[in-house]
Amino acid sequence: MSARFGPNFGKLFAAALLQEMSFFLLVHVPGYFETLGVTEALIGLLYAAGAVLALLFRPAFGRILDLTNRRTVLLVAGLLNATVVLALATTTVWGPYLWVLFLAQRVLQIALFTTMLTYGADSIPVKHR
């Protein structure tokens with residue numbers, strides 16, 4: 001399989017699987033926010049803000065990936081994402097801190113997704129693209 005997809009495919013697949021597992025853990029976040037007393041409209045606004053940030057930051061991440069080492073970006077964004085997810089898991093009060101953590105996680109999610117797609121595309125041998 002490494003001849004077709006390149007030598008980094010296994011590591012990249014494992015990293016993507018772990019990253020998506022952290023995203024899967026956030027499926028229950030809206031329910032958790034409701035237990036903190038947040039309205040559905042405010043939860044929708046928070047998710048909409050995350051989507052807007054994703055659209056705004058994706059070109060910047062592309063530029064960063066063109067200028068730096070993709071593996072370094074992947075490692076730094078992965079470490080930051082893990083830290084933010086752990087901080088989100090321990091937050092018990094709704095407020096600006098939770099907004100910042102949630103939106104930071106969305107931005108890091110986009111950074112990881114963009115980096116993994118780019119790194120994966122770069123890892124495939126030219127004759128198989």
# chains A, B, ... in the order shown; residues from 1 in each chain; ligands from 1
$ residues_around --residues "stretch 112-128 of chain A" --least-positions-apart "3" --cutoff "6 Å" --atoms "only C-alpha atoms" --output "PDB file with N, CA, C and O atoms, in the first residue's frame"
ATOM      1  N   PHE A   5       0.310   4.838  -2.100  1.00  0.00           N
ATOM      2  CA  PHE A   5      -0.072   6.044  -1.372  1.00  0.00           C
ATOM      3  C   PHE A   5       1.095   6.794  -0.743  1.00  0.00           C
ATOM      4  O   PHE A   5       0.904   7.852  -0.162  1.00  0.00           O
ATOM      5  N   GLY A   6       2.270   6.257  -0.805  1.00  0.00           N
ATOM      6  CA  GLY A   6       3.439   6.921  -0.228  1.00  0.00           C
ATOM      7  C   GLY A   6       3.734   6.394   1.165  1.00  0.00           C
ATOM      8  O   GLY A   6       2.884   5.782   1.813  1.00  0.00           O
ATOM      9  N   GLN A 109      -9.563  22.728  14.072  1.00  0.00           N
ATOM     10  CA  GLN A 109     -10.125  21.614  13.296  1.00  0.00           C
ATOM     11  C   GLN A 109      -9.921  21.865  11.801  1.00  0.00           C
ATOM     12  O   GLN A 109      -9.528  20.974  11.052  1.00  0.00           O
TER      13      GLN A 109
END
$ residues_around --residues "A:Val29" --least-positions-apart "4" --cutoff "10 Å" --atoms "only C-alpha atoms" --output "short mmCIF file (atom, residue, chain, number, x, y, z; two decimals) with N, CA and C atoms, in the first residue's frame"
data_model
loop_
_atom_site.label_atom_id
_atom_site.label_comp_id
_atom_site.auth_asym_id
_atom_site.auth_seq_id
_atom_site.Cartn_x
_atom_site.Cartn_y
_atom_site.Cartn_z
N PHE A 24 -15.60 13.94 16.91
CA PHE A 24 -16.78 13.15 17.23
C PHE A 24 -17.21 13.36 18.68
N LEU A 25 -16.26 13.56 19.56
CA LEU A 25 -16.59 13.80 20.97
C LEU A 25 -17.41 15.07 21.14
N PHE A 33 -24.22 22.43 26.31
CA PHE A 33 -24.47 23.86 26.41
C PHE A 33 -25.87 24.13 26.96
N GLU A 34 -26.85 23.32 26.56
CA GLU A 34 -28.21 23.50 27.07
C GLU A 34 -28.27 23.28 28.58
N THR A 35 -27.47 22.34 29.09
CA THR A 35 -27.44 22.13 30.55
C THR A 35 -26.82 23.32 31.27
N ILE A 43 -26.73 28.83 20.69
CA ILE A 43 -25.90 27.71 20.23
C ILE A 43 -25.76 27.77 18.71
N LEU A 88 -12.05 22.45 26.96
CA LEU A 88 -13.51 22.45 26.76
C LEU A 88 -14.19 21.43 27.66
N ALA A 89 -13.56 20.29 27.83
CA ALA A 89 -14.15 19.22 28.63
C ALA A 89 -14.22 19.58 30.11
N PHE A 102 -14.38 27.19 22.15
CA PHE A 102 -15.13 26.52 21.10
C PHE A 102 -14.69 27.00 19.71
#
$ residues_around --residues "A:Gly95" --least-positions-apart "6" --cutoff "12 Å" --atoms "only C-alpha atoms" --output "number ranges by chain"
A: 33, 36-38, 42, 46, 101-102
$ write_last_selection --atoms "all heavy atoms" --output "compact mmCIF listing (two decimals), in the first residue's frame"
# COMPACT_ATOMS: atom_id res chain seq x y z
N PHE A 33 -24.22 22.43 26.31
CA PHE A 33 -24.47 23.86 26.41
C PHE A 33 -25.87 24.13 26.96
O PHE A 33 -26.07 25.07 27.73
CB PHE A 33 -24.29 24.55 25.06
CG PHE A 33 -22.87 24.65 24.60
CD1 PHE A 33 -22.59 24.95 23.28
CD2 PHE A 33 -21.80 24.45 25.46
CE1 PHE A 33 -21.28 25.06 22.83
CE2 PHE A 33 -20.49 24.56 25.02
CZ PHE A 33 -20.23 24.87 23.71
N LEU A 36 -26.05 24.11 30.55
CA LEU A 36 -25.48 25.33 31.14
C LEU A 36 -26.45 26.51 31.06
O LEU A 36 -26.14 27.61 31.50
CB LEU A 36 -24.17 25.70 30.45
CG LEU A 36 -23.01 24.72 30.59
CD1 LEU A 36 -21.81 25.19 29.79
CD2 LEU A 36 -22.63 24.52 32.05
N GLY A 37 -27.63 26.27 30.44
CA GLY A 37 -28.65 27.30 30.34
C GLY A 37 -28.61 28.12 29.07
O GLY A 37 -29.23 29.18 28.98
N VAL A 38 -27.92 27.65 28.07
CA VAL A 38 -27.79 28.38 26.81
C VAL A 38 -29.00 28.06 25.91
O VAL A 38 -29.43 26.91 25.83
CB VAL A 38 -26.48 27.99 26.10
CG1 VAL A 38 -26.31 28.78 24.83
CG2 VAL A 38 -25.31 28.21 27.03
N LEU A 42 -28.66 30.81 20.65
CA LEU A 42 -27.27 31.18 20.95
C LEU A 42 -26.30 30.07 20.54
O LEU A 42 -25.20 30.36 20.04
CB LEU A 42 -27.11 31.50 22.44
CG LEU A 42 -25.89 32.30 22.85
CD1 LEU A 42 -25.75 33.57 22.03
CD2 LEU A 42 -25.96 32.64 24.32
N LEU A 46 -23.30 30.43 17.81
CA LEU A 46 -21.93 29.97 18.06
C LEU A 46 -21.44 29.08 16.93
O LEU A 46 -20.32 29.25 16.43
CB LEU A 46 -21.87 29.23 19.39
CG LEU A 46 -20.51 28.72 19.85
CD1 LEU A 46 -19.54 29.87 20.03
CD2 LEU A 46 -20.66 27.95 21.14
N LEU A 101 -12.83 29.13 23.53
CA LEU A 101 -12.38 27.74 23.41
C LEU A 101 -13.07 27.04 22.25
O LEU A 101 -12.43 26.35 21.45
CB LEU A 101 -12.64 26.97 24.70
CG LEU A 101 -11.72 27.27 25.87
CD1 LEU A 101 -12.18 26.49 27.10
CD2 LEU A 101 -10.29 26.92 25.54
N PHE A 102 -14.38 27.19 22.15
CA PHE A 102 -15.13 26.52 21.10
C PHE A 102 -14.69 27.00 19.71
O PHE A 102 -14.45 26.19 18.81
CB PHE A 102 -16.63 26.75 21.28
CG PHE A 102 -17.47 26.02 20.27
CD1 PHE A 102 -17.77 24.69 20.45
CD2 PHE A 102 -17.95 26.66 19.14
CE1 PHE A 102 -18.54 24.00 19.53
CE2 PHE A 102 -18.71 26.00 18.22
CZ PHE A 102 -19.01 24.66 18.40
$ closest_residue --among "A:Gly31, A:Val107, A:Tyr97, A:Ala16" --to "A:Arg58" --atoms "only C-alpha atoms"
A:Val107
$ closest_residue --among "A:Glu40, A:Arg106, A:Tyr32, A:Val52" --to "A:Thr92" --atoms "only C-alpha atoms"
A:Tyr32
$ closest_residue --among "A:Leu75, A:Leu26, A:Val84, A:Leu67" --to "A:Tyr47" --atoms "only C-alpha atoms"
A:Leu26
$ atom_distance --atom1 "atom CA of A:Phe61" --atom2 "atom CA of A:Ala104"
14.0 Å
$ atom_distance --atom1 "atom CA of A:Ala82" --atom2 "atom CA of A:Ala15"
12.1 Å
$ select_by_dssp --residues "chain A" --states "alpha helix (DSSP H)" --output "MDAnalysis selection string"
chainID A and resid 2:5 9:25 29:35 40:67 70:89 96:123
